[in-house]
$ cat data-v7.tsv   # TSV, C-alpha atoms
chain	number	residue	atom	x	y	z
A	94	MET	CA	0.00	0.00	0.00
A	95	MET	CA	1.36	3.43	-0.95
A	96	THR	CA	2.03	5.72	1.98
A	97	ARG	CA	3.78	8.50	0.14
A	98	PRO	CA	3.05	10.64	-2.90
A	99	ASN	CA	4.56	10.11	-6.33
A	100	ILE	CA	7.75	12.20	-6.40
A	101	THR	CA	8.91	14.12	-9.48
A	102	VAL	CA	12.18	16.03	-9.77
A	103	PHE	CA	12.49	18.63	-12.57
A	104	LEU	CA	15.89	20.35	-12.69
A	105	ALA	CA	18.25	22.15	-15.03
A	106	LEU	CA	21.93	21.36	-14.76
A	107	SER	CA	25.09	22.15	-16.65
A	108	LEU	CA	26.80	19.59	-18.85
A	109	ASP	CA	29.23	18.93	-16.01
A	110	GLY	CA	26.43	18.31	-13.52
A	111	PHE	CA	26.07	21.57	-11.59
A	112	ILE	CA	22.65	22.93	-10.62
A	113	ALA	CA	24.11	26.29	-9.55
A	114	GLY	CA	27.35	28.07	-10.16
A	115	GLU	CA	29.66	29.54	-7.58
A	116	ALA	CA	27.89	31.40	-4.74
A	117	ASN	CA	24.60	29.72	-5.80
A	118	SER	CA	24.58	31.75	-9.03
A	119	LEU	CA	21.90	30.92	-11.60
A	120	ASP	CA	23.04	33.60	-14.07
A	121	TRP	CA	24.39	30.93	-16.43
A	122	LEU	CA	20.78	29.85	-17.13
A	123	THR	CA	19.69	33.24	-18.50
A	124	PRO	CA	20.96	32.76	-22.09
A	125	TYR	CA	18.95	29.50	-22.26
A	126	SER	CA	15.68	30.72	-20.76
A	127	SER	CA	13.86	31.40	-24.04
A	128	ASP	CA	12.03	28.05	-24.21
A	129	PRO	CA	8.32	28.43	-23.39
A	130	PRO	CA	7.11	26.53	-20.28
A	131	ASP	CA	4.77	24.49	-22.50
A	132	ASP	CA	7.77	23.25	-24.51
A	133	THR	CA	9.87	22.42	-21.46
A	134	GLY	CA	7.09	20.43	-19.81
A	135	PHE	CA	7.00	22.73	-16.80
A	136	ASN	CA	3.37	23.72	-17.33
A	137	ALA	CA	2.37	20.05	-17.61
A	138	LEU	CA	4.30	19.30	-14.41
A	139	MET	CA	2.47	22.08	-12.59
A	140	GLU	CA	-0.90	20.82	-13.87
A	141	HIS	CA	-0.22	17.29	-12.61
A	142	SER	CA	1.39	18.20	-9.28
A	143	ASP	CA	-0.74	18.96	-6.25
A	144	THR	CA	2.19	19.83	-3.98
A	145	LEU	CA	5.58	21.49	-4.23
A	146	LEU	CA	8.14	20.54	-1.60
A	147	MET	CA	11.23	22.70	-1.87
A	148	GLY	CA	14.37	23.32	0.11
A	149	ARG	CA	15.04	26.59	1.87
A	150	ASN	CA	17.81	27.75	-0.50
A	151	THR	CA	15.46	27.27	-3.46
A	152	TYR	CA	12.69	29.10	-1.61
A	153	ASP	CA	15.02	32.04	-0.96
A	154	ALA	CA	15.94	32.11	-4.67
A	155	VAL	CA	12.25	32.07	-5.68
A	156	MET	CA	11.56	34.96	-3.29
A	157	GLY	CA	14.06	36.97	-5.33
A	158	PHE	CA	12.03	36.49	-8.54
A	159	GLY	CA	9.52	39.16	-7.52
A	160	VAL	CA	6.54	37.03	-8.55
A	161	TRP	CA	5.16	33.88	-6.91
A	162	PRO	CA	4.95	31.20	-9.65
A	163	TYR	CA	3.08	28.60	-7.56
A	164	GLU	CA	-0.36	30.14	-7.05
A	165	GLY	CA	-2.96	27.48	-6.26
A	166	LEU	CA	-0.40	24.81	-5.38
A	167	ARG	CA	0.19	23.41	-1.89
A	168	VAL	CA	3.74	24.59	-1.11
A	169	ARG	CA	5.88	23.26	1.71
A	170	VAL	CA	9.41	24.45	2.43
A	171	MET	CA	11.80	22.14	4.28
A	172	THR	CA	13.82	24.25	6.69
A	173	HIS	CA	15.04	24.48	10.25
A	174	ASN	CA	14.70	28.28	10.09
A	175	PRO	CA	11.19	29.28	8.97
A	176	VAL	CA	10.27	32.84	8.14
A	177	GLU	CA	6.90	34.58	7.91
A	178	PRO	CA	4.97	33.06	4.99
A	179	ARG	CA	4.02	35.42	2.17
A	180	TYR	CA	1.93	33.24	-0.16
A	181	GLN	CA	0.27	30.56	2.02
A	182	GLU	CA	3.42	28.45	1.88
A	183	GLN	CA	4.11	26.42	5.00
A	184	PHE	CA	7.42	25.53	6.58
A	185	VAL	CA	8.16	21.97	7.66
A	186	SER	CA	11.11	20.12	9.11
A	187	GLY	CA	12.00	16.57	9.95
A	188	GLU	CA	13.05	13.44	8.14
A	189	LEU	CA	12.05	13.52	4.46
A	190	ARG	CA	10.22	10.18	4.48
A	191	GLN	CA	8.09	11.38	7.45
A	192	VAL	CA	7.31	14.71	5.78
A	193	LEU	CA	6.17	12.84	2.65
A	194	ALA	CA	3.97	10.56	4.78
A	195	GLU	CA	2.40	13.64	6.38
A	196	LEU	CA	1.80	15.15	2.94
A	197	TRP	CA	0.13	11.88	1.90
A	198	ASP	CA	-2.14	12.14	4.93
A	199	GLU	CA	-3.02	15.71	3.82
A	200	GLY	CA	-4.06	14.38	0.41
A	201	ALA	CA	-0.89	14.99	-1.61
A	202	ARG	CA	-0.55	12.43	-4.39
A	203	HIS	CA	1.99	14.02	-6.77
A	204	VAL	CA	4.81	16.07	-5.28
A	205	TYR	CA	7.17	18.19	-7.34
A	206	LEU	CA	10.43	18.15	-5.36
A	207	ASP	CA	12.81	21.08	-5.89
A	208	GLY	CA	16.16	22.07	-4.43
A	209	GLY	CA	19.57	20.44	-4.64
A	210	ASN	CA	19.93	19.32	-1.03
A	211	LEU	CA	16.38	18.01	-0.88
A	212	VAL	CA	16.69	16.18	-4.20
A	213	ARG	CA	19.95	14.55	-3.06
A	214	GLN	CA	18.23	13.42	0.16
A	215	ALA	CA	15.38	11.93	-1.87
A	216	LEU	CA	17.79	10.15	-4.22
A	217	GLN	CA	19.77	8.82	-1.25
A	218	ALA	CA	16.55	7.44	0.23
A	219	ASP	CA	15.37	6.03	-3.15
A	220	LEU	CA	12.20	8.15	-3.07
A	221	VAL	CA	12.23	9.74	-6.53
A	222	ASP	CA	9.87	8.22	-9.12
A	223	THR	CA	10.43	10.57	-12.08
A	224	LEU	CA	13.64	12.49	-12.75
A	225	THR	CA	13.54	15.14	-15.49
A	226	LEU	CA	16.95	16.62	-16.19
A	227	SER	CA	17.41	19.54	-18.57
A	228	ARG	CA	21.07	19.59	-19.63
A	229	VAL	CA	22.08	23.16	-20.41
A	230	PRO	CA	24.92	23.31	-22.97
A	231	VAL	CA	27.41	25.06	-20.72
A	232	LEU	CA	30.36	23.85	-18.66
A	233	LEU	CA	30.67	25.61	-15.30
A	234	GLY	CA	33.76	23.89	-13.93
A	235	LYS	CA	32.62	24.41	-10.36
A	236	GLY	CA	29.53	25.15	-8.37
A	237	ILE	CA	26.88	23.06	-6.64
A	238	PRO	CA	26.68	19.53	-8.06
A	239	LEU	CA	23.44	17.61	-8.27
A	240	PHE	CA	24.95	14.21	-7.66
A	241	GLY	CA	27.48	13.08	-5.08
A	242	ALA	CA	29.25	9.95	-3.95
A	243	ASP	CA	26.58	9.32	-1.30
A	244	ILE	CA	23.82	8.45	-3.79
A	245	PRO	CA	23.27	4.69	-4.07
A	246	VAL	CA	23.05	2.77	-7.32
A	247	SER	CA	19.61	2.98	-8.91
A	248	HIS	CA	18.34	2.22	-12.38
A	249	TRP	CA	16.31	4.55	-14.58
A	250	HIS	CA	14.48	4.19	-17.89
A	251	PRO	CA	14.49	7.17	-20.30
A	252	ALA	CA	10.79	7.79	-20.92
A	253	GLN	CA	11.16	10.93	-23.08
A	254	VAL	CA	14.05	12.75	-24.74
A	255	LYS	CA	13.76	16.10	-26.47
A	256	THR	CA	15.97	18.91	-27.67
A	257	LEU	CA	14.60	22.39	-27.03
A	258	PRO	CA	15.20	25.35	-29.40
A	259	SER	CA	17.64	26.90	-26.87
A	260	GLY	CA	19.91	23.85	-27.18
A	261	ILE	CA	18.88	22.29	-23.88
A	262	VAL	CA	18.55	18.51	-24.05
A	263	GLN	CA	15.89	17.23	-21.69
A	264	VAL	CA	15.52	13.64	-20.58
A	265	SER	CA	12.70	12.38	-18.37
A	266	TYR	CA	13.57	9.15	-16.57
A	267	GLN	CA	11.31	6.74	-14.72
A	268	ARG	CA	12.77	4.74	-11.85
A	269	GLU	CA	13.14	1.05	-12.68
A	270	GLN	CA	11.44	-1.19	-10.16
A	271	GLY	CA	12.94	-4.43	-8.93
A	272	LEU	CA	16.48	-4.10	-10.30

$ encode --input "data-v7.tsv" --output "structure tokens"
Amino acid sequence: MMTRPNITVFLALSLDGFIAGEANSLDWLTPYSSDPPDDTGFNALMEHSDTLLMGRNTYDAVMGFGVWPYEGLRVRVMTHNPVEPRYQEQFVSGELRQVLAELWDEGARHVYLDGGNLVRQALQADLVDTLTLSRVPVLLGKGIPLFGADIPVSHWHPAQVKTLPSGIVQVSYQREQGL
């Protein structure tokens, strides 16, 4: 019996595997941001997700956008240092598996998981069901990597591959069961 929501990760990363540059910079994404959200699959993700669970660093970055892109979505922010909510977002802490079980009890069935640290925790715990990676054609050399040595072996099936007009190559993977 399922006791946690379906978990989808949707991230952009450089060719050399970084999700942010030095000092958490995302400036390197700007030249590749011309693809419409319908083409990238982001709008479809938002339509199918009932909950967004993000890490605090990602939340802080979103707060710098000046517009809240998650209207109508249940948003939870994993943090040990909550701040005053501005858009009905809620702050949670604890072990990821427990937070997901609590979201399940609240009615969450499809969670979009965002934020490097949180995604790594989910991969370490083998909790991710769908992994969509948008490879941006740039080498950063250093920054914040998505993957680390602490992620266990897991097997994934490429469900969809597409090249966007900006040059981004996007692959959506489904976790293989029973391997």

$ closest_residue --input "data-v7.tsv" --among "A:Gly148, A:Gln263, A:Thr96, A:Tyr180" --to "Phe135 in chain A" --atoms "only C-alpha atoms"
A:Gln263

$ closest_atom_pairs --input "data-v7.tsv" --of "range 139-201 of chain A" --to "range 208-215 of chain A" --cutoff "10 Å" --atoms "all atoms listed in the file" --output "CSV"
residue,atom,partner,partner_atom,distance
A:Leu146,CA,A:Gly208,CA,8.6
A:Met147,CA,A:Gly208,CA,5.6
A:Gly148,CA,A:Gly208,CA,5.0
A:Arg149,CA,A:Gly208,CA,7.8
A:Asn150,CA,A:Gly208,CA,7.1
A:Thr151,CA,A:Gly208,CA,5.3
A:Tyr152,CA,A:Gly208,CA,8.3
A:Val170,CA,A:Gly208,CA,9.9
A:Met171,CA,A:Leu211,CA,8.0
A:Glu188,CA,A:Gln214,CA,9.5
A:Leu189,CA,A:Ala215,CA,7.3
A:Arg190,CA,A:Ala215,CA,8.4

$ write_last_selection --input "data-v7.tsv" --atoms "C-alpha atoms" --output "short mmCIF file (atom, residue, chain, number, x, y, z; two decimals), keeping the file's coordinate frame"
data_model
loop_
_atom_site.label_atom_id
_atom_site.label_comp_id
_atom_site.auth_asym_id
_atom_site.auth_seq_id
_atom_site.Cartn_x
_atom_site.Cartn_y
_atom_site.Cartn_z
CA LEU A 146 8.14 20.54 -1.60
CA MET A 147 11.23 22.70 -1.87
CA GLY A 148 14.37 23.32 0.11
CA ARG A 149 15.04 26.59 1.87
CA ASN A 150 17.81 27.75 -0.50
CA THR A 151 15.46 27.27 -3.46
CA TYR A 152 12.69 29.10 -1.61
CA VAL A 170 9.41 24.45 2.43
CA MET A 171 11.80 22.14 4.28
CA GLU A 188 13.05 13.44 8.14
CA LEU A 189 12.05 13.52 4.46
CA ARG A 190 10.22 10.18 4.48
#

$ residues_around --input "data-v7.tsv" --residues "Ser265 in chain A" --least-positions-apart "3" --cutoff "8 Å" --atoms "only C-alpha atoms" --output "list in words"
Thr223, Leu224, Thr225, Leu226, Pro251, Ala252, Gln253 and Val254 of chain A

$ closest_residue --input "data-v7.tsv" --among "A:Pro245, A:Pro98, A:Gly236, A:Pro230" --to "Tyr125 in chain A" --atoms "only C-alpha atoms"
A:Pro230

$ residues_around --input "data-v7.tsv" --residues "Trp249 in chain A" --least-positions-apart "4" --cutoff "10 Å" --atoms "all atoms listed in the file" --output "ChimeraX atom specification"
/A:222-224,265-270,272

$ atom_distance --input "data-v7.tsv" --atom1 "CA of Ala105 in chain A" --atom2 "CA of Leu232 in chain A"
12.8 Å

$ residues_near_point --input "data-v7.tsv" --point "(23.1, 6.6, -4.9)" --cutoff "9 Å" --atoms "all atoms listed in the file" --output "list of chain:residue names"
A:Arg213, A:Leu216, A:Gln217, A:Ala218, A:Asp219, A:Phe240, A:Gly241, A:Ala242, A:Asp243, A:Ile244, A:Pro245, A:Val246, A:Ser247

$ write_last_selection --input "data-v7.tsv" --atoms "C-alpha atoms" --output "mmCIF file, keeping the file's coordinate frame"
data_model
loop_
_atom_site.group_PDB
_atom_site.id
_atom_site.type_symbol
_atom_site.label_atom_id
_atom_site.label_comp_id
_atom_site.auth_asym_id
_atom_site.auth_seq_id
_atom_site.Cartn_x
_atom_site.Cartn_y
_atom_site.Cartn_z
ATOM 1 C CA ARG A 213 19.950 14.550 -3.060
ATOM 2 C CA LEU A 216 17.790 10.150 -4.220
ATOM 3 C CA GLN A 217 19.770 8.820 -1.250
ATOM 4 C CA ALA A 218 16.550 7.440 0.230
ATOM 5 C CA ASP A 219 15.370 6.030 -3.150
ATOM 6 C CA PHE A 240 24.950 14.210 -7.660
ATOM 7 C CA GLY A 241 27.480 13.080 -5.080
ATOM 8 C CA ALA A 242 29.250 9.950 -3.950
ATOM 9 C CA ASP A 243 26.580 9.320 -1.300
ATOM 10 C CA ILE A 244 23.820 8.450 -3.790
ATOM 11 C CA PRO A 245 23.270 4.690 -4.070
ATOM 12 C CA VAL A 246 23.050 2.770 -7.320
ATOM 13 C CA SER A 247 19.610 2.980 -8.910
#
